Structure formats: C-alpha cells, structure tokens
Amino acid sequence: MTNVFVIGIGMTELGKTVQRSVKDMTEVAVSLALRDASLERRAIQAAWFSNSRQGLLEGQNGIRGQCALRPLGFQGIAIANVENACASGATAVLQAAAHIEAGFCDVALVVGAEKMFFPQRREAMFKAFNGGTDIYRLEEFQQQCRRQCRELIPPKQQRETETTDHSFFMESYAAQARLHMQRFGTTQRQLAMAAAKNHRHSRFNPLAQYRHSLSVEQVLQQRSIVWPFTLPMCAPISDGAAAAVLCSASVLKRLGGRKRAVRIRAIHLASGSNRPARDFEHHIGRLAALQAYAQAQIEPRDIDVAEVHDATAYTEIQQLENLGLCPLGEGGPFTESGDTALGGSMPVNPSGGLVSKGHPVGATGIIQLYELVHQLRGEAGPRQVVNPRIAVAENGGGFYETEEAATVVTVLERATT
C-alpha cells in the first residue's frame with residue numbers, strides 16, 4: 001500500500017458515562033479529526049462507521065453510521081457500517097484505505113463509537129460480550145484446558161475456574177494463558193508486570209480511563225477474576241469514540257504535503273483457523289503479522305513502537321511473540337526485562353493499553369492508531385518514544401475455539417512527503 005495517509009485523527013476521553021450517547025461521542029471525535037486535518041466536512045467523500053454493541057444494547061442493528069453521521073451534515077456520500085467484534089475499528093480503516101487505494105475516492109472518514117456502560121441493564125451489558133463468541137465451542141475448549149492445566153491452578157482458585165459466572169472472554173483468555181504457562185513457563189507475576197507497566201503508562205495519557213499507577217504487588221493483590229487474572233489484568237467496560245481522516249497521495253500533495261501525515265504502509269485482516277490449542281506457531285495474530293510485514297517489506301526489528309490488543313495482560317505477552325518482537329515463548333521474560341516499557345528497547349502500549357486506557361470495542365482499533373499517529377508525529381508528550389519511524393498496531397476481535405475470530409495488523413510509517 002503506497003497511496004494512503006492519515007492526515008487527521010481525534011478521540012474522546014474514555015470511561016464509563018451515563019450521559020454520553022453514540023451520537024454525542026461521534027460528533028466530538030469527528031470534529032477533532034477534521035480540525036486535526038484542517039478540512040471541512042464537505043471534503044469527506046465516503047465514510048465507514050464501526051460499532052459492535054449498539055444492536056445488542058440499543059436495538060439499532062442496521063444503519064448505525066447513517067444515524068450518527070447524518071445529523072453532523074454527512075449526506076449523500078457513501079456510508080458503510082462495519083461490525084467485526086473488537087476488530088471493527090481496524091477493519092473499517094482497512095476498508096476505507098482499500099477504497100482510496102482502488103481510486104474510488106480521495107478523502108475518507110473512519111469512525112468508531114461504542115456506548116457500553118448501561119448501569120440499569122447490567123445483565124444485558126455483560127451478555128453483549130458473548131455475542132462475539134461461539135459458546136458451545138468455547139465451552140469445549142475451556143473444559144479441555146481445565147483438565148490439561150489443573151495442576152497449575154492454586155487449590156483455592158480451582159473451583160472458580162469451573163464456574164461460568166464470569167465473562168466467557170476472560171475465561172477463554174485465561175485458558176489460553178494457562179496453556180502458555182504450562183508450555184513455556186510463563187508466570188502470573190510476569191502477567192502482573194505487563195499490567196503494571198500499562199497502568200504506569202496511562203498516567204501520561206489524559207484520555208485514558210484509568211490514570212493511576214499500580215505496582216506489580218498491587219496488581220497481584222486485587223480481586224481475582226479467573227485464575228491467573230486479577231481485575232487490573234483485564235480490560236474494563238468503556239464508552240468512547242475515535243475518528244480518522246484518510247486521503248490519497250494526490251490529495252496530500254495538493255494540500256502541500258502535510259508534515260504531520262502518517263502513511264499506512266500495510267494493513268492485513270485475517271480470520272482464525274482450526275488449529276490445536278497448543279499450536280502457538282500458527283496463532284491468528286502471528287499469521288496476520290507475517291502477511292502485514294510482507295506487504296510492508298519490513299522485519300520485526302524495524303518496528304519502533306507498538307500498540308497491541310491487550311484485552312488481558314496475557315494477551316500482550318502473546319502478541320509480543322506473534323508480532324516477532326521476541327521469540328515464541330519468551331514474551332514473559334521479555335516483559336520482565338523492562339524492554340516493553342517507555343525507555344525500553346521496544347515500547348509497547350505507551351497509551352496504557354486496553355487494560356488501563358480502556359476498551360470501547362468498536363472504537364479500539366482506531367484508538368490504537370490515534371496513539372501511534374501521535375507517536376510518529378512526535379506529539380505524544382511525556383509518553384513520547386524517541387524518534388520512531390515505523391509503528392505497528394494489532395487489533396483482535398471476538399473469540400472462536402482457541403483464538404480470536406479476526407485480527408488486523410497495521411503498519412504505519414512517518415511520512416516523508
């Protein structure tokens with residue numbers, strides 16, 4: 001991909017809010033992105049809108065983007081709705097970039113918005129997460145992992161892992177984590193180190209849901225969700241929105257070659273496969289990364305900063321390996337070394353990651369790009385990585401059998417235009 005650039009990006013503050021609606025958050029994010037691009041709304045030729053929970057929680061199943069964008073003045077243009085679980089935002093970016101690359105338009109808007117916090121509808125709020133799973137296959141996978149890894153689980157936690165009172169997602173990620181621990185020797189403390197690192201990072205992110213630091217011991221001492229996860233190791237329920245303005249090289253030239261533009265060097269979407277649970281070598285994230293790197297003509301050693309989909313602290317460790325930032329099985333020791341922290345050799349999730357920054361599902365993929373665009377521009381303030389040129393985002397979605405159902409890996413480059 002040689003012809004697509006991000007020239008504007010914006011996002012709302014993340015958190016749990018009763019008052020904010022999808023429309024309200026969309027208006028804020030879009031206004032910020034257009035202002036960042038120094039463009040008027042009439043410059044937008046097509047738009048993609050990503051959301052995964054509005055149908056389940058508010059009954060708006062069909063025309064979410066039209067409902068959110070028409071009141072803002074976007075009429076007559078192509079508006080497409082994207083739902084691909086937690087990978088919705090990055091999938092929308094891929095579709096908009098492909099549209100520009102194919103010459104169908106020159107300037108596109110991508111929006112992700114999610115209203116997830118409904119305190120009066122807690123049961124529906126939590127059930128919404130199971131909409132992105134194949135329940136029967138997950139139950140089989142979880143039961144198999146419990147049998148295989150029972151010896152890893154402390155006695156007082158064994159009964160907990162055999163209930164279904166908690167999220168299927170957390171249980172499924174926990175099952176994966178226990179397999180990884182059994183095969184590679186990854187420890188619960190290493191998971192806590194990943195979570196504590198991201199909570200430290202989020203102190204410097206004014207838009208993050210949580211902005212307080214936690215020590216490794218504090219992470220380990222928090223309420224258990226499902227072993228080996230405690231509460232700070234798991235992404236919270238979040239409301240929020242993000243938007244990006246994409247354009248072609250010809251438009252960028254006409255605009256004077258904006259110095260703050262960021263090139264989408266590659267973007268690849270993959271779906272999962274029927275692999276054995278212990279076959280980490282063929283994990284969806286690893287396969288998606290290899291395809292994106294081939295498209296971008298880069299190697300993992302070329303990457304300067306990354307944002308990964310840490311729905312749990314374990315997921316960050318797994319994605320370090322999938323992205324080739326460390327060898328397979330060494331994500332735990334790599335995290336323990338401090339290399340993934342700000343100031344380390346390979347900063348990961350300088351935004352605070354999903355576990356601390358927040359996870360408004362349909363917006364998350366665009367929010368990851370918000371962080372990386374600011375990093376490549378040198379505009380990330382106290383969380384700035386030193387002189388990054390290449391950045392990578394990994395955005396996973398849903399869960400099917402042993403892994404995510406969909407994953408998008410995006411490679412961004414500081415533009416030289």
# chains A, B, ... in the order shown; residues from 1 in each chain; ligands from 1

$ select_by_dssp --residues "region 244-399 of chain A" --states "strand (DSSP E or B)" --output "PyMOL selection string"
chain A and resi 244-248+262-271+305-308+312+348+390-397+399

$ residues_around --residues "region 181-197 of chain A" --least-positions-apart "2" --cutoff "9 Å" --atoms "only C-alpha atoms" --output "PyMOL selection string"
chain A and resi 149+152+176-179+199-202+213-220+227-230+232-234+278+312-314+316-317+328-333+335-336+338+340-342+349+352-353+355-356

$ closest_atom_pairs --of "region 19-59 of chain A" --to "region 77-84 of chain A" --cutoff "6 Å" --atoms "only C-alpha atoms" --output "Markdown table"
| residue | atom | partner | partner_atom | distance |
| --- | --- | --- | --- | --- |
| A:Gln45 | CA | A:Ile77 | CA | 5.9 |
| A:Ala46 | CA | A:Ala78 | CA | 4.8 |
| A:Ala47 | CA | A:Ile79 | CA | 4.8 |
| A:Trp48 | CA | A:Ala80 | CA | 4.8 |
| A:Phe49 | CA | A:Asn81 | CA | 4.9 |
| A:Ser50 | CA | A:Val82 | CA | 4.7 |
| A:Asn51 | CA | A:Glu83 | CA | 5.8 |
| A:Ser52 | CA | A:Glu83 | CA | 5.4 |

$ closest_residue --among "A:Met170, A:Ala241, A:Val111, A:Val361" --to "Ile225 (chain A)" --atoms "only C-alpha atoms"
A:Met170

$ residues_around --residues "region 54-71 of chain A" --least-positions-apart "6" --cutoff "10 Å" --atoms "only C-alpha atoms" --output "MDAnalysis selection string"
chainID A and resid 21:27 30 47:48 77:82 111:118 121 124:125 127:129 131 362

$ residues_around --residues "Ile264 (chain A)" --least-positions-apart "6" --cutoff "7 Å" --atoms "only C-alpha atoms" --output "PyMOL selection string"
chain A and resi 1+4-5+411-413

$ residues_around --residues "region 290-304 of chain A" --least-positions-apart "6" --cutoff "10 Å" --atoms "only C-alpha atoms" --output "PDB file with N, CA and C atoms, in the first residue's frame"
ATOM      1  N   MET A   1       0.852  -1.183   0.000  1.00  0.00           N
ATOM      2  CA  MET A   1       0.000   0.000   0.000  1.00  0.00           C
ATOM      3  C   MET A   1       0.887   1.233   0.000  1.00  0.00           C
ATOM      4  N   THR A   2       0.749   2.079  -1.012  1.00  0.00           N
ATOM      5  CA  THR A   2       1.652   3.225  -1.160  1.00  0.00           C
ATOM      6  C   THR A   2       0.924   4.558  -1.223  1.00  0.00           C
ATOM      7  N   ILE A 264      -0.070   4.795   5.776  1.00  0.00           N
ATOM      8  CA  ILE A 264      -0.438   3.405   6.054  1.00  0.00           C
ATOM      9  C   ILE A 264       0.382   2.535   5.103  1.00  0.00           C
ATOM     10  N   ARG A 265       1.422   1.966   5.640  1.00  0.00           N
ATOM     11  CA  ARG A 265       2.338   1.210   4.789  1.00  0.00           C
ATOM     12  C   ARG A 265       1.798  -0.188   4.472  1.00  0.00           C
ATOM     13  N   ALA A 266       1.027  -0.753   5.392  1.00  0.00           N
ATOM     14  CA  ALA A 266       0.412  -2.059   5.157  1.00  0.00           C
ATOM     15  C   ALA A 266      -0.712  -2.258   6.151  1.00  0.00           C
ATOM     16  N   ILE A 267      -1.719  -3.037   5.761  1.00  0.00           N
ATOM     17  CA  ILE A 267      -2.794  -3.403   6.681  1.00  0.00           C
ATOM     18  C   ILE A 267      -3.368  -4.735   6.206  1.00  0.00           C
ATOM     19  N   HIS A 268      -3.481  -5.682   7.150  1.00  0.00           N
ATOM     20  CA  HIS A 268      -3.920  -7.029   6.764  1.00  0.00           C
ATOM     21  C   HIS A 268      -4.921  -7.574   7.777  1.00  0.00           C
ATOM     22  N   LEU A 269      -6.013  -8.126   7.257  1.00  0.00           N
ATOM     23  CA  LEU A 269      -7.055  -8.755   8.070  1.00  0.00           C
ATOM     24  C   LEU A 269      -6.999 -10.262   7.875  1.00  0.00           C
ATOM     25  N   ALA A 270      -7.005 -11.010   8.984  1.00  0.00           N
ATOM     26  CA  ALA A 270      -7.004 -12.471   8.921  1.00  0.00           C
ATOM     27  C   ALA A 270      -8.126 -13.013   9.801  1.00  0.00           C
ATOM     28  N   ASN A 322       3.669 -13.007  18.765  1.00  0.00           N
ATOM     29  CA  ASN A 322       3.044 -13.063  17.449  1.00  0.00           C
ATOM     30  C   ASN A 322       3.627 -12.022  16.496  1.00  0.00           C
ATOM     31  N   LEU A 323       3.933 -10.840  17.013  1.00  0.00           N
ATOM     32  CA  LEU A 323       4.481  -9.776  16.172  1.00  0.00           C
ATOM     33  C   LEU A 323       5.979  -9.943  15.927  1.00  0.00           C
ATOM     34  N   GLY A 324       6.577 -10.961  16.518  1.00  0.00           N
ATOM     35  CA  GLY A 324       8.007 -11.202  16.314  1.00  0.00           C
ATOM     36  C   GLY A 324       8.886 -10.247  17.089  1.00  0.00           C
ATOM     37  N   LEU A 325       8.326  -9.564  18.086  1.00  0.00           N
ATOM     38  CA  LEU A 325       9.122  -8.635  18.877  1.00  0.00           C
ATOM     39  C   LEU A 325      10.033  -9.373  19.847  1.00  0.00           C
ATOM     40  N   CYS A 326       9.711 -10.628  20.091  1.00  0.00           N
ATOM     41  CA  CYS A 326      10.577 -11.534  20.851  1.00  0.00           C
ATOM     42  C   CYS A 326      10.277 -12.939  20.359  1.00  0.00           C
ATOM     43  N   SER A 345      13.819  -0.954  24.962  1.00  0.00           N
ATOM     44  CA  SER A 345      14.226  -1.138  23.564  1.00  0.00           C
ATOM     45  C   SER A 345      13.040  -1.286  22.618  1.00  0.00           C
ATOM     46  N   MET A 346      11.858  -1.733  23.121  1.00  0.00           N
ATOM     47  CA  MET A 346      10.701  -1.956  22.262  1.00  0.00           C
ATOM     48  C   MET A 346       9.432  -1.554  23.021  1.00  0.00           C
ATOM     49  N   PRO A 347       9.133  -0.242  23.092  1.00  0.00           N
ATOM     50  CA  PRO A 347       7.962   0.214  23.853  1.00  0.00           C
ATOM     51  C   PRO A 347       6.653  -0.339  23.269  1.00  0.00           C
ATOM     52  N   VAL A 348       5.836  -0.912  24.133  1.00  0.00           N
ATOM     53  CA  VAL A 348       4.558  -1.495  23.737  1.00  0.00           C
ATOM     54  C   VAL A 348       3.453  -0.877  24.595  1.00  0.00           C
ATOM     55  N   GLN A 375       2.591   9.309  18.148  1.00  0.00           N
ATOM     56  CA  GLN A 375       3.983   8.898  18.373  1.00  0.00           C
ATOM     57  C   GLN A 375       4.837   9.219  17.150  1.00  0.00           C
ATOM     58  N   LEU A 376       4.360   8.891  15.954  1.00  0.00           N
ATOM     59  CA  LEU A 376       5.149   9.114  14.739  1.00  0.00           C
ATOM     60  C   LEU A 376       5.297  10.600  14.427  1.00  0.00           C
ATOM     61  N   VAL A 385       7.919   8.162  22.532  1.00  0.00           N
ATOM     62  CA  VAL A 385       9.033   7.272  22.215  1.00  0.00           C
ATOM     63  C   VAL A 385      10.046   8.069  21.394  1.00  0.00           C
ATOM     64  N   VAL A 386      11.315   7.784  21.573  1.00  0.00           N
ATOM     65  CA  VAL A 386      12.364   8.565  20.916  1.00  0.00           C
ATOM     66  C   VAL A 386      12.409   8.274  19.416  1.00  0.00           C
ATOM     67  N   ASN A 387      12.094   9.294  18.609  1.00  0.00           N
ATOM     68  CA  ASN A 387      12.282   9.299  17.160  1.00  0.00           C
ATOM     69  C   ASN A 387      11.771   8.040  16.454  1.00  0.00           C
ATOM     70  N   PRO A 388      10.510   7.645  16.618  1.00  0.00           N
ATOM     71  CA  PRO A 388      10.009   6.448  15.927  1.00  0.00           C
ATOM     72  C   PRO A 388       9.762   6.708  14.438  1.00  0.00           C
ATOM     73  N   ARG A 389      10.023   5.703  13.630  1.00  0.00           N
ATOM     74  CA  ARG A 389       9.756   5.799  12.186  1.00  0.00           C
ATOM     75  C   ARG A 389       8.694   4.813  11.747  1.00  0.00           C
ATOM     76  N   ILE A 390       8.705   3.597  12.332  1.00  0.00           N
ATOM     77  CA  ILE A 390       7.750   2.548  11.981  1.00  0.00           C
ATOM     78  C   ILE A 390       6.977   2.153  13.238  1.00  0.00           C
ATOM     79  N   ALA A 391       5.648   2.085  13.111  1.00  0.00           N
ATOM     80  CA  ALA A 391       4.791   1.684  14.223  1.00  0.00           C
ATOM     81  C   ALA A 391       3.843   0.586  13.758  1.00  0.00           C
ATOM     82  N   VAL A 392       3.466  -0.307  14.670  1.00  0.00           N
ATOM     83  CA  VAL A 392       2.583  -1.423  14.338  1.00  0.00           C
ATOM     84  C   VAL A 392       1.455  -1.510  15.364  1.00  0.00           C
ATOM     85  N   VAL A 408      -6.527  -7.747  12.812  1.00  0.00           N
ATOM     86  CA  VAL A 408      -5.972  -6.809  11.840  1.00  0.00           C
ATOM     87  C   VAL A 408      -4.625  -6.319  12.358  1.00  0.00           C
ATOM     88  N   VAL A 409      -3.610  -6.392  11.518  1.00  0.00           N
ATOM     89  CA  VAL A 409      -2.302  -5.824  11.840  1.00  0.00           C
ATOM     90  C   VAL A 409      -2.029  -4.689  10.859  1.00  0.00           C
ATOM     91  N   THR A 410      -1.717  -3.516  11.395  1.00  0.00           N
ATOM     92  CA  THR A 410      -1.490  -2.313  10.591  1.00  0.00           C
ATOM     93  C   THR A 410      -0.073  -1.814  10.803  1.00  0.00           C
ATOM     94  N   VAL A 411       0.605  -1.477   9.710  1.00  0.00           N
ATOM     95  CA  VAL A 411       1.951  -0.911   9.777  1.00  0.00           C
ATOM     96  C   VAL A 411       1.864   0.555   9.329  1.00  0.00           C
ATOM     97  N   LEU A 412       2.303   1.445  10.201  1.00  0.00           N
ATOM     98  CA  LEU A 412       2.310   2.880   9.904  1.00  0.00           C
ATOM     99  C   LEU A 412       3.750   3.376   9.784  1.00  0.00           C
ATOM    100  N   GLU A 413       3.918   4.401   8.968  1.00  0.00           N
ATOM    101  CA  GLU A 413       5.247   4.973   8.762  1.00  0.00           C
ATOM    102  C   GLU A 413       5.176   6.487   8.791  1.00  0.00           C
TER     103      GLU A 413
END

$ closest_residue --among "A:Gly343, A:Asn274, A:Arg53, A:Ala29" --to "Thr12 (chain A)" --atoms "only C-alpha atoms"
A:Ala29

$ residues_around --residues "Thr402 (chain A)" --least-positions-apart "3" --cutoff "8 Å" --atoms "only C-alpha atoms" --output "ChimeraX atom specification"
/A:138,141,172,176,275-277,399

$ write_last_selection --atoms "N, CA and C atoms" --output "PDB file, in the first residue's frame"
ATOM      1  N   LEU A 138     -16.457 -22.757  22.685  1.00  0.00           N
ATOM      2  CA  LEU A 138     -15.654 -22.213  23.768  1.00  0.00           C
ATOM      3  C   LEU A 138     -15.761 -23.068  25.015  1.00  0.00           C
ATOM      4  N   PHE A 141     -13.502 -25.994  24.582  1.00  0.00           N
ATOM      5  CA  PHE A 141     -12.108 -25.573  24.696  1.00  0.00           C
ATOM      6  C   PHE A 141     -11.740 -25.317  26.155  1.00  0.00           C
ATOM      7  N   SER A 172     -11.870 -17.660  28.489  1.00  0.00           N
ATOM      8  CA  SER A 172     -11.166 -18.203  27.328  1.00  0.00           C
ATOM      9  C   SER A 172      -9.733 -17.705  27.259  1.00  0.00           C
ATOM     10  N   GLN A 176      -6.193 -19.893  27.573  1.00  0.00           N
ATOM     11  CA  GLN A 176      -5.013 -19.720  26.722  1.00  0.00           C
ATOM     12  C   GLN A 176      -3.778 -19.423  27.563  1.00  0.00           C
ATOM     13  N   ARG A 275      -6.902 -24.768  14.538  1.00  0.00           N
ATOM     14  CA  ARG A 275      -5.578 -25.230  14.946  1.00  0.00           C
ATOM     15  C   ARG A 275      -5.657 -25.841  16.341  1.00  0.00           C
ATOM     16  N   PRO A 276      -4.769 -26.769  16.677  1.00  0.00           N
ATOM     17  CA  PRO A 276      -4.708 -27.259  18.055  1.00  0.00           C
ATOM     18  C   PRO A 276      -4.385 -26.123  19.011  1.00  0.00           C
ATOM     19  N   ALA A 277      -4.950 -26.161  20.200  1.00  0.00           N
ATOM     20  CA  ALA A 277      -4.790 -25.064  21.150  1.00  0.00           C
ATOM     21  C   ALA A 277      -3.333 -24.778  21.477  1.00  0.00           C
ATOM     22  N   PHE A 399     -13.979 -14.297  19.655  1.00  0.00           N
ATOM     23  CA  PHE A 399     -13.255 -15.499  20.076  1.00  0.00           C
ATOM     24  C   PHE A 399     -13.963 -16.708  19.477  1.00  0.00           C
TER      25      PHE A 399
END

$ atom_distance --atom1 "CA of Ala311 (chain A)" --atom2 "CA of Ala235 (chain A)"
5.1 Å

$ residues_around --residues "Gly396 (chain A)" --least-positions-apart "6" --cutoff "12 Å" --atoms "only C-alpha atoms" --output "PyMOL selection string"
chain A and resi 84-91+132+268-272+283-286+288-289+307-312+315-316+318-319+322+354+359+361-362+364-365+368+403-410

$ atom_distance --atom1 "CA of Leu231 (chain A)" --atom2 "CA of Ala175 (chain A)"
16.2 Å

$ closest_residue --among "A:Gln384, A:His99, A:Cys145, A:Ser351" --to "Gln209 (chain A)" --atoms "only C-alpha atoms"
A:Ser351
